[in-house]
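**Student:** Please read through the structure below; I'll follow up with questions.
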Amino acid sequence: MTAADVRDWDPGDGRISTPSAARAPAWSADVPVRPPAALPPLAPDRGPPAPDWAEVVEHFREGLIVCDAAGVVRQLSPVAERLLPEVAVGELLAASGVAGLRTPPAGGEFGHRGRRLRVREVPLSAGRSCHYVEDVTESVTRADALLAERARSAFLAVVGEKLGNPLHPDRAAAAVVRLAVPTLAEVAVLVLAPRSGRARWWRATRADDEAPGVDSGVLNAVDLPAAIDEGLVGAEPHTLDWLVEQAVEAGWLPGLDAVDVSVRVVPLPGRDLPAGALLVARRSARYYDEADVDLLRAFAARAGAALTTAVLYRDQAEVADTLQASLLPVEPAEVPGVQWGTAYRPAQAGLRIGGDFYGSHRLPDGGAVFFLGDVAGKGVEAAVFTGQLRQCLQALHRVESHPARLLRLLNDALLETTLAHGQGRFATMVLGVVRPRRDGGVTLTMSGGGHLPPLVLRSCGEVETVGLSGMLIGVVPDPRIGEVTVELAPGETCLLYSDGVTEARGGRRGDEQFGVDRLLHALGGCHRMPAPALAERIEQVTCDWLAHGDHDDIAVLALRATGPHSRPARHLHAVPALP
């Protein structure tokens with residue numbers, strides 16, 4: 001195909017070539033160029049007209065006030081008209097009477113007609129200016145509510161932390177009223193539930209910016225104000241004038257005028273009944289609204305839990321103290337011509353009780369049964385078992401005073417007790433009878449049940465070991481019981497001790513036993529000591545050896561023959577007594 005073949009073809013763009021027509025040249029220098037004809041003008045745009053200024057700014061969140069260089073309002077948006085009806089076009093902005101526009105406050109916010117407005121001024125050209133005014137009432141309200149909730153949460157967190165520590169009702173009650181001032185009240189009064197017909201109260205007051213002062217007192221239950229009585233049974237009285245009158249009559253509102261005061265009473269929840277009632281008062285300028293009452297109830301709930309815990313702890317502590325007192329070793333009974341010395345240190349000092357025991361009981365013939373023993377174990381369970389042993393001895397010595405036979409009766413009683421309770425408890429013991437002689441000495445008849453042998457300090461300074469042996473008590477039905485008789489001249493002493501002395505571990509390495517040899521050495525030169533001083537010395541040298549380490553129960557019983565006409569020796573204790 002050649003160029004001639006396609007010369008007359010349709011190029012495909014709508015321009016059809018005609019073979020019969022002569023093709024004029026596209027451009028020639030001989031042909032003059034004519035200017036193009038002018039286009040007709042465009043017809044004007046017939047679309048919708050442009051919106052005016054008021055229609056545009058109507059939907060702005062902020063109101064706009066445009067002023068000229070002289071401060072005259074030239075344009076005012078509809079939002080600004082609604083927020084500031086005092087402002088008018090053509091008038092001076094300063095003459096509108098809106099203080100927040102004349103002198104913008106710090107932060108740009110001011111109150112107007114019950115709303116919170118924020119204003120900012122933006123300079124424009126030619127000395128003009130535009131004031132943007134926004135209603136921030138809702139956002140400020142939400143922010144204030146959030147801040148208030150955070151403050152309440154922080155306050156309650158501090159309350160929970162402070163009230164989690166006191167475990168004594170008095171200290172917990174004082175902490176409650178101290179925490180209530182000044183956040184909840186200017187005066188706070190807490191009345192605990194009456195006990196034995198009397199009710200204790202605590203009051204906290206605050207003067208100016210000083211720390212709250214706390215005082216307390218006691219009232220008869222019948223003299224409590226009626227509003228407090230209602231609070232103590234779980235009610236929440238609402239007659240405010242009546243509450244104020246009763247609080248004033250009770251003398252609980254110092255520094256507050258009864259005419260201008262707001263008072264509320266809320267119960268403090270307890271286990272069954274309220275633990276107490278809390279009265280709060282402050283000037284009417286800070287009236288208790290619903291949010292304040294909710295915070296007061298939340299505070300009362302935490303205070304009630306703290307007081308309930310403290311009261312429960314106190315009751316348990318009283319029971320524990322009573323039981324411990326009944327399980328503590330009892331000082332030996334006085335016997336003419338005999339001086340007793342005792343020392344006792346339990347393994348768990350916080351309990352004050354343990355598994356070692358000693359004591360004595362008077363006999364009708366003027367003598368006495370005395371004993372010192374050690375039960376298996378330590379702590380509360382061991383102390384309970386020692387209590388059973390002492391009760392058995394107190395009953396059995398009235399029917400049998402011979403040491404060996406009395407020890408066998410005790411063995412049978414313990415076997416019955418341990419079998420009945422399914423316990424395998426046993427004990428070691430030295431049990432004896434002391435009888436004064438006419439020459440001022442005493443005769444000791446002792447029986448042993450698997451315990452360490454007694455020691456005798458002679459008047460010449462010699463220390464003798466008494467050969468006394470026997471089997472454990474409470475293990476077999478018919479144990480072998482050893483028996484020995486020892487004579488003590490006036491001024492001589494017999495010493496009984498538990499294995500907490502000889503098995504005390506300490507020394508340089510901390511694991512070496514004190515042992516019998518060190519005990520004998522410690523007794524050297526002590527034959528002239530009174531019995532109390534001797535027992536205390538054994539306790540002291542043992543504790544020095546321990547160096548505050550762990551130890552078993554320690555018990556010492558010293559018996560000294562003093563003669564028929566001796567005076568009781570006065571002894572100054574050097575070892576601190578247990579609390």
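Chain labels run A, B, ... following the order of the structure tokens; each chain numbers its residues from 1, and ligands are numbered from 1 in the order shown.
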Could you tell me, as an MDAnalysis selection string, which residues of range 227-470 of chain A DSSP assigns to alpha helix (DSSP H) when given the backbone?
**Tutor:** chainID A and resid 227:232 240:249 290:327 380:396 403:421
**Student:** As an exercise, work out the distance from CA of Pro453 in chain A to CA of Gly467 in chain A in Å and give it to one decimal place.
**Tutor:**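 These two atoms are separated by 6.4 Å.
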**Student:** Record the distance separating CA of Thr493 in chain A and CA of Gly448 in chain A, expressed in Å with one decimal.
**Tutor:**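 The value is 18.2 Å.
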**Student:** Might you pull out every residue within 8 Å of range 168-171 of chain A, with only C-alpha atoms counted and same-chain residues fewer than 3 positions away left off, and present them as a ChimeraX atom specification?
**Tutor:** /A:174-175,307,310-311,313-314
**Student:** Would you list the contacts of Gly231 in chain A as a ChimeraX atom specification, taking every protein, DNA or RNA residue within 7 Å and counting only C-alpha atoms, but skipping same-chain residues closer than 3 positions in sequence?
**Tutor:** /A:227-228,234-236,265-267,277
**Student:** What does the structure give for the distance between CA of Val233 in chain A and CA of Val191 in chain A, in Å to one decimal?
**Tutor:**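 Between CA of Val233 in chain A and CA of Val191 in chain A the gap works out to 12.2 Å.
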**Student:** Identify which of the residues A:Ala298, A:Leu409, A:Leu328, A:Ala489 lies closest to Ser153 in chain A, counting only C-alpha atoms when measuring atom-to-atom distances.
**Tutor:** A:Ala298
**Student:** Can you tell me, as a list in words, what residues are no more than 9 Å from Ala226 in chain A when counting only C-alpha atoms, ignoring any on the same chain fewer than 4 positions away?
**Tutor:** Glu230, Gly231, Leu243 and Gln246 of chain A
